[in-house]
$ cat query_6.pdb   # PDB, C-alpha atoms
ATOM      1  CA  MET A 285       2.808   3.359 -17.042  1.00  0.00           C
ATOM      2  CA  ILE A 286       3.254   2.933 -20.769  1.00  0.00           C
ATOM      3  CA  ALA A 287       0.582   0.229 -20.876  1.00  0.00           C
ATOM      4  CA  ALA A 288      -1.746   2.433 -18.834  1.00  0.00           C
ATOM      5  CA  LEU A 289      -1.155   5.372 -21.176  1.00  0.00           C
ATOM      6  CA  ARG A 290      -1.778   3.202 -24.226  1.00  0.00           C
ATOM      7  CA  SER A 291      -4.986   1.750 -22.784  1.00  0.00           C
ATOM      8  CA  GLY A 292      -6.311   5.094 -21.586  1.00  0.00           C
ATOM      9  CA  LYS A 293      -6.246   4.093 -17.907  1.00  0.00           C
ATOM     10  CA  ILE A 294      -3.958   7.103 -17.572  1.00  0.00           C
ATOM     11  CA  ALA A 295      -5.416   9.850 -19.743  1.00  0.00           C
ATOM     12  CA  HIS A 296      -2.281  11.978 -19.940  1.00  0.00           C
ATOM     13  CA  ALA A 297       1.159  12.167 -18.376  1.00  0.00           C
ATOM     14  CA  GLY A 298       3.306  15.250 -17.988  1.00  0.00           C
ATOM     15  CA  LEU A 299       6.880  14.175 -17.283  1.00  0.00           C
ATOM     16  CA  ASP A 300       9.846  16.354 -16.379  1.00  0.00           C
ATOM     17  CA  VAL A 301      12.429  13.810 -15.150  1.00  0.00           C
ATOM     18  CA  PHE A 302      13.370  10.551 -16.813  1.00  0.00           C
ATOM     19  CA  THR A 303      15.185   7.419 -15.657  1.00  0.00           C
ATOM     20  CA  VAL A 304      17.800   7.866 -18.377  1.00  0.00           C
ATOM     21  CA  GLU A 305      18.756  11.383 -19.418  1.00  0.00           C
ATOM     22  CA  PRO A 306      18.872  12.466 -22.052  1.00  0.00           C
ATOM     23  CA  MET A 307      15.990  10.274 -23.103  1.00  0.00           C
ATOM     24  CA  PRO A 308      17.138   7.947 -25.904  1.00  0.00           C
ATOM     25  CA  ALA A 309      15.969   8.867 -29.400  1.00  0.00           C
ATOM     26  CA  GLY A 310      12.842   6.957 -30.344  1.00  0.00           C
ATOM     27  CA  HIS A 311      11.863   6.153 -26.741  1.00  0.00           C
ATOM     28  CA  VAL A 312       8.257   4.980 -26.620  1.00  0.00           C
ATOM     29  CA  LEU A 313       7.218   7.963 -24.448  1.00  0.00           C
ATOM     30  CA  THR A 314       8.177  10.314 -27.287  1.00  0.00           C
ATOM     31  CA  THR A 315       5.715   8.545 -29.583  1.00  0.00           C
ATOM     32  CA  LEU A 316       2.603   8.691 -27.405  1.00  0.00           C
ATOM     33  CA  PRO A 317       0.185  11.533 -28.161  1.00  0.00           C
ATOM     34  CA  ASN A 318      -1.012  11.663 -24.547  1.00  0.00           C
ATOM     35  CA  VAL A 319       2.426  12.392 -23.087  1.00  0.00           C
ATOM     36  CA  THR A 320       3.953  15.830 -22.536  1.00  0.00           C
ATOM     37  CA  LEU A 321       7.705  15.835 -21.984  1.00  0.00           C
ATOM     38  CA  SER A 322       9.813  18.705 -20.694  1.00  0.00           C
ATOM     39  CA  ALA A 323      13.482  18.896 -19.816  1.00  0.00           C
ATOM     40  CA  HIS A 324      13.588  19.838 -16.128  1.00  0.00           C
ATOM     41  CA  SER A 325      11.602  22.979 -16.823  1.00  0.00           C
ATOM     42  CA  ALA A 326       8.266  22.247 -15.193  1.00  0.00           C
ATOM     43  CA  PHE A 327       9.267  24.324 -12.174  1.00  0.00           C
ATOM     44  CA  ARG A 328       9.877  27.457 -14.261  1.00  0.00           C
ATOM     45  CA  THR A 329       6.855  29.559 -13.480  1.00  0.00           C
ATOM     46  CA  PRO A 330       6.721  33.159 -12.299  1.00  0.00           C
ATOM     47  CA  GLU A 331       5.588  31.921  -8.884  1.00  0.00           C
ATOM     48  CA  ALA A 332       8.438  29.435  -8.604  1.00  0.00           C
ATOM     49  CA  ASN A 333      10.970  32.080  -9.637  1.00  0.00           C
ATOM     50  CA  ASN A 334       9.607  34.493  -7.013  1.00  0.00           C
ATOM     51  CA  ASN A 335       9.802  31.766  -4.361  1.00  0.00           C
ATOM     52  CA  LEU A 336      13.435  31.030  -5.265  1.00  0.00           C
ATOM     53  CA  ILE A 337      14.341  34.735  -5.153  1.00  0.00           C
ATOM     54  CA  ASP A 338      12.559  35.181  -1.811  1.00  0.00           C
ATOM     55  CA  ALA A 339      14.346  32.146  -0.352  1.00  0.00           C
ATOM     56  CA  ALA A 340      17.745  33.396  -1.547  1.00  0.00           C
ATOM     57  CA  LEU A 341      17.155  36.890  -0.165  1.00  0.00           C
ATOM     58  CA  ASN A 342      15.976  35.506   3.174  1.00  0.00           C
ATOM     59  CA  HIS A 343      19.085  33.344   3.348  1.00  0.00           C
ATOM     60  CA  CYS A 344      21.302  36.379   2.648  1.00  0.00           C
ATOM     61  CA  ARG A 345      19.461  38.427   5.287  1.00  0.00           C
ATOM     62  CA  ARG A 346      19.937  35.635   7.825  1.00  0.00           C
ATOM     63  CA  ILE A 347      23.686  35.514   7.103  1.00  0.00           C
ATOM     64  CA  VAL A 348      24.057  39.287   7.448  1.00  0.00           C
ATOM     65  CA  THR A 349      22.033  39.304  10.680  1.00  0.00           C
ATOM     66  CA  GLU A 350      24.077  36.472  12.194  1.00  0.00           C
ATOM     67  CA  HIS A 351      27.387  38.210  11.366  1.00  0.00           C
ATOM     68  CA  ASN A 352      26.429  41.624  12.772  1.00  0.00           C
TER      69      ASN A 352
END
$ encode --input "query_6.pdb" --output "C-alpha cells"
Amino acid sequence: MIAALRSGKIAHAGLDVFTVEPMPAGHVLTTLPNVTLSAHSAFRTPEANNNLIDAALNHCRRIVTEHN
C-alpha cells in the first residue's frame, strides 16, 4: 500500500485502524501527504451515534418485553 500511495496508484488513504497501535513515531504513513490517519474515530458521526442509541434502546426494550 505504501508503494501504491507513493506512486499515485492509490490517490489517498483514510486509515482508522493500524497493525500496531499506537502507531510508532515516525512511521512512514505519518509522512505521506496523501494519507489521513484517525484514532478509531471514523465511526463518530451523528448518524452512527443515532444508530448506536437506537440499537441500545431496542435491546433494552427487548429485555423488558421478555421479562414481563
$ closest_residue --input "query_6.pdb" --among "A:Ala288, A:Cys344, A:Gly298, A:Asn352" --to "Val319 (chain A)" --atoms "only C-alpha atoms"
A:Gly298
$ residues_around --input "query_6.pdb" --residues "Phe302 (chain A)" --least-positions-apart "3" --cutoff "10 Å" --atoms "only C-alpha atoms" --output "NGL selection string"
:A and (299 or 305-307 or 321-324)
$ closest_residue --input "query_6.pdb" --among "A:Leu341, A:Val312, A:Ile347, A:Val304" --to "Ile286 (chain A)" --atoms "all atoms listed in the file"
A:Val312
$ closest_residue --input "query_6.pdb" --among "A:Asp300, A:Glu350, A:Ala309, A:Gly292" --to "Arg328 (chain A)" --atoms "all atoms listed in the file"
A:Asp300
$ atom_distance --input "query_6.pdb" --atom1 "CA of Ala295 (chain A)" --atom2 "CA of Leu313 (chain A)"
13.6 Å
$ atom_distance --input "query_6.pdb" --atom1 "CA of His296 (chain A)" --atom2 "CA of Thr314 (chain A)"
12.9 Å
$ atom_distance --input "query_6.pdb" --atom1 "CA of Ala297 (chain A)" --atom2 "CA of Gly310 (chain A)"
17.5 Å
$ axis_aligned_box --input "query_6.pdb" --around "region 306-315 of chain A" --padding-each-side "3 Å" --output "JSON"
{"center_x": 12.3, "center_y": 8.7, "center_z": -26.2, "size_x": 19.2, "size_y": 13.5, "size_z": 14.3}
$ closest_residue --input "query_6.pdb" --among "A:Asn342, A:Asn335, A:Arg290, A:Pro330" --to "Pro317 (chain A)" --atoms "all atoms listed in the file"
A:Arg290
$ closest_residue --input "query_6.pdb" --among "A:Pro308, A:Ala340, A:Val301, A:Ala287" --to "Ser325 (chain A)" --atoms "all atoms listed in the file"
A:Val301
$ decode --input "query_6.pdb" --residues "region 337-352 of chain A" --atoms "C-alpha atoms" --output "mmCIF file, in the first residue's frame"
data_model
loop_
_atom_site.group_PDB
_atom_site.id
_atom_site.type_symbol
_atom_site.label_atom_id
_atom_site.label_comp_id
_atom_site.auth_asym_id
_atom_site.auth_seq_id
_atom_site.Cartn_x
_atom_site.Cartn_y
_atom_site.Cartn_z
ATOM 1 C CA ILE A 337 -28.510 4.746 20.578
ATOM 2 C CA ASP A 338 -31.357 3.136 18.617
ATOM 3 C CA ALA A 339 -29.723 -0.297 18.891
ATOM 4 C CA ALA A 340 -29.198 0.095 22.648
ATOM 5 C CA LEU A 341 -32.779 1.245 23.216
ATOM 6 C CA ASN A 342 -34.160 -1.609 21.118
ATOM 7 C CA HIS A 343 -32.074 -4.060 23.121
ATOM 8 C CA CYS A 344 -33.414 -2.611 26.396
ATOM 9 C CA ARG A 345 -36.994 -2.772 25.088
ATOM 10 C CA ARG A 346 -36.496 -6.409 24.093
ATOM 11 C CA ILE A 347 -35.201 -7.266 27.583
ATOM 12 C CA VAL A 348 -38.126 -5.526 29.292
ATOM 13 C CA THR A 349 -40.633 -7.211 26.964
ATOM 14 C CA GLU A 350 -39.133 -10.662 27.541
ATOM 15 C CA HIS A 351 -39.223 -10.236 31.345
ATOM 16 C CA ASN A 352 -42.833 -9.019 31.544
#
